[in-house]
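For reference, the structure discussed in these notes is given below.
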Amino acid sequence: MPGLEQKKIVLGVSGSIAAYKSVFLLRLLVKAGADVKVIMTKSATMFVSPLTFATLSKHDVLTDIASEEAWNNHVELGLWADLILIAPATAQTIAKMANGLCDNLLTATVLSAKCPIMVSPAMDLDMWHHPSTQRNIEQLITDGVRFIPVGHGELASGLVGDGRLEEPENILEYCKAFFEGENSPLAGKKVLITLGPTVEKIDAVRYISNHSTGKMGAAIIVALINRGAEVTAICGPIDANIILPPEVNVLPVLSADDMYARSIEVYKKGVDIAIFAAAVADYKVQNTSEQKIKKTDDNLSIELTPNPDIAFELGKIKSTKTIHLGFALETNDGMDNAKSKLSKKNFDLVALNHPGADTGFKADTNKVTLLGKDSKVDDIPKSSKKVIAEYIIRRLESFFQ
Ligand code: PMT
């Protein structure tokens, strides 16, 4: 099983029942040609003996930061490794990493590492969904740590839900993908993304808009940039606190007409992927007024006329090589409507939002189901938008593998 020849990997094992799976993971990594050194936290040694890892890795396993050997090694290991992979990464280890704490050998090594770091979390579902864990994961992604999504299924507690360690075979694939040509098939791909709301003028001072902040779109942009994609963002007036990465070509727009014109212009120059994350107003005001409309005692009717449907229009001229990802925001019959948008707008993949108090518009978290034109459905657990973006990008990558 080739793919990782001569790669130097530090495998960090923290204290979860899933630590037994790291033994299988270690075997797979070694079989694939990697040279693996294992660091265990103290609590991990309660689940699996260091001797098991030492025997399979053919290296001593380091556990104690206080030992003289380990003390010297935490810097050395961070320099030696091409990748530090932490699997399982517990809520505790993730929290320490997100805050720069280094009270054990693993977190000290992480803090002095010069190489990329990947985490594969494992924990019970309530711990996974806890806002602090989601905040910490989001912080790690912002810090450039690569994140392997958790699985869904039966957990050690007997509960069923999100938080399972990804299967060792799949973690191996993430490692291989990381080392293969600039890590991602999205490297160098030209991506057009629409994001944010549109603003439809009524008169000199009034407009029609919606609650989109651009957070979901911005999270996708960060994930794309991290993979080396060339991104052009056709950007409605997004939340002022959102800072897009400097690498992105940002084209600000206001109305759906502006967004449509800019999108067509960029699209015609050639794109590999088009992502429609904007909440585009379906209607605009038929007769706008340059003056402020005066208040009277009468009712006021404003006639609306349809806006261009950007995704639909680009879907009509799409080549088979281009991948289109759309969103669907539905308050009822979500799956049926998403399916119909998938085919009507010629999407390859649609992300159906499940809007709620802390999902959909505005929130930092979201709940999304991915539906492919191949009928493959992925229910992504409620997570921060940055984490959701990682799931979406992973699915997009599969179109180019
Ligand atoms: O920005 P946030 O606050 O983070 O919120 C994120 C979001 C909820 C806005 C985002 O995740 C999202 O779902 N965006 C699309 C919302 C939407 O307009 O959905 P729709 O079901 O009305 O449209 C379907 C698809 O067609 C969308 O991809 C939309 O961008 C596209 N469309 C719609 C109308 C139109 N005139 N032109 C379009 O391109």
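A note on labels: chains of the structure tokens are A, B, ... as shown, every chain counts residues from 1, and ligands are counted from 1 in their shown order.
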
Item to check | Nearby residues, ligand 1, 6 Å, only C-alpha atoms and all ligand atoms, as a PyMOL selection string | outcome: chain A and resi 196+212-216+276-282+307-311+326-329+353+360-362

Next on the checklist: Which residues are close to stretch 20-34 of chain A, i.e. within 10 Å by only C-alpha atoms, leaving aside same-chain residues fewer than 6 positions away? Reply as a ChimeraX atom specification.
Outcome noted: /A:1-14,44,47-49,52-53,56-58,86-88,165-173,175-176

Checklist entry - Per DSSP on the backbone, what are the helix (DSSP H, G or I) residues of stretch 339-383 of chain A, as number ranges by chain? => result A: 339-344

Next on the checklist: DSSP on the backbone, strand (DSSP E or B) only: what residues of stretch 25-168 of chain A does that give? Format it as number ranges by chain.
Outcome noted: A: 35-40, 62, 83-89, 117-121, 146-147, 151-154, 160-164

Checklist entry - Leaving out stretch 256-272 of chain A and any residue of its chain fewer than 2 positions from it, which residues lie within 9 Å of it when counting only C-alpha atoms, given as a ChimeraX atom specification? => result /A:189-194,197-200,232,234-236,251-254,274,280-284,307-311,313-314,321-324

So that each row is one residue of stretch 153-241 of chain A with an atom at most 6 Å from stretch 111-125 of chain A, can you give its shortest atom pair and the distance in Å to one decimal, using only C-alpha atoms, rows by chain and rising number, as a Markdown table?
| residue | atom | partner | partner_atom | distance |
| --- | --- | --- | --- | --- |
| A:Gly161 | CA | A:Leu125 | CA | 5.6 |
| A:Asp162 | CA | A:Leu125 | CA | 5.1 |
| A:Gly163 | CA | A:Met123 | CA | 5.0 |
| A:Arg164 | CA | A:Ala122 | CA | 5.3 |
| A:Leu165 | CA | A:Ala122 | CA | 4.6 |

Export of the given selection (N, CA, C and O atoms) as a compact mmCIF listing (two decimals), in the first residue's frame:
# COMPACT_ATOMS: atom_id res chain seq x y z
N GLY A 161 -24.65 9.08 17.81
CA GLY A 161 -24.58 10.47 17.35
C GLY A 161 -23.24 10.79 16.74
O GLY A 161 -22.49 9.88 16.33
N ASP A 162 -22.92 12.08 16.72
CA ASP A 162 -21.66 12.55 16.13
C ASP A 162 -20.55 12.48 17.16
O ASP A 162 -20.78 12.69 18.34
N GLY A 163 -19.35 12.23 16.70
CA GLY A 163 -18.20 12.26 17.61
C GLY A 163 -17.29 11.07 17.47
O GLY A 163 -16.24 11.00 18.13
N ARG A 164 -17.67 10.12 16.61
CA ARG A 164 -16.80 8.93 16.43
C ARG A 164 -15.51 9.32 15.71
O ARG A 164 -15.52 10.15 14.80
N LEU A 165 -14.44 8.67 16.12
CA LEU A 165 -13.18 8.85 15.39
C LEU A 165 -13.38 8.33 13.96
O LEU A 165 -13.98 7.27 13.75

Checklist entry - Which is closer to A:Ile225 than all the others in A:Thr109, A:Ser398, A:Ser184, A:Asn104, using only C-alpha atoms? => result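 The shortest atom-to-atom distance to A:Ile225 comes from A:Ser184.
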
Using 7 Å as the limit and counting only C-alpha atoms, can you tabulate each residue of stretch 179-245 of chain A that touches stretch 292-296 of chain A, with its shortest atom-to-atom distance in Å and the two atoms involved, as a Markdown table?
| residue | atom | partner | partner_atom | distance |
| --- | --- | --- | --- | --- |
| A:Asp203 | CA | A:Lys292 | CA | 5.5 |
| A:Ala204 | CA | A:Lys292 | CA | 5.1 |
| A:Val205 | CA | A:Lys292 | CA | 6.2 |

Those same residues - N, CA, C and O atoms - I'd like them written as a short mmCIF file (atom, residue, chain, number, x, y, z; two decimals), in the first residue's frame.
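Final file, selection02.cif:
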data_model
loop_
_atom_site.label_atom_id
_atom_site.label_comp_id
_atom_site.auth_asym_id
_atom_site.auth_seq_id
_atom_site.Cartn_x
_atom_site.Cartn_y
_atom_site.Cartn_z
N ASP A 203 -36.17 53.23 -3.03
CA ASP A 203 -36.07 54.65 -3.38
C ASP A 203 -34.70 55.15 -2.91
O ASP A 203 -33.81 54.33 -2.62
N ALA A 204 -34.56 56.45 -2.78
CA ALA A 204 -33.24 57.01 -2.46
C ALA A 204 -32.71 56.51 -1.10
O ALA A 204 -31.49 56.51 -0.88
N VAL A 205 -33.58 56.08 -0.20
CA VAL A 205 -33.10 55.70 1.15
C VAL A 205 -33.55 54.30 1.58
O VAL A 205 -33.13 53.82 2.64
#

Item to check | Selected residue of minimal separation from A:Ala218 among A:Cys102, A:Leu300, A:Ile380, A:Ala389, counting only C-alpha atoms | outcome: A:Ala389

Item to check | All residues 10 Å or closer to stretch 337-344 of chain A, only C-alpha atoms, same chain fewer than 5 positions away omitted, as a VMD selection string | outcome: chain A and resid 311 to 312 315 to 316 324 to 332 349 to 353 369 to 373 375
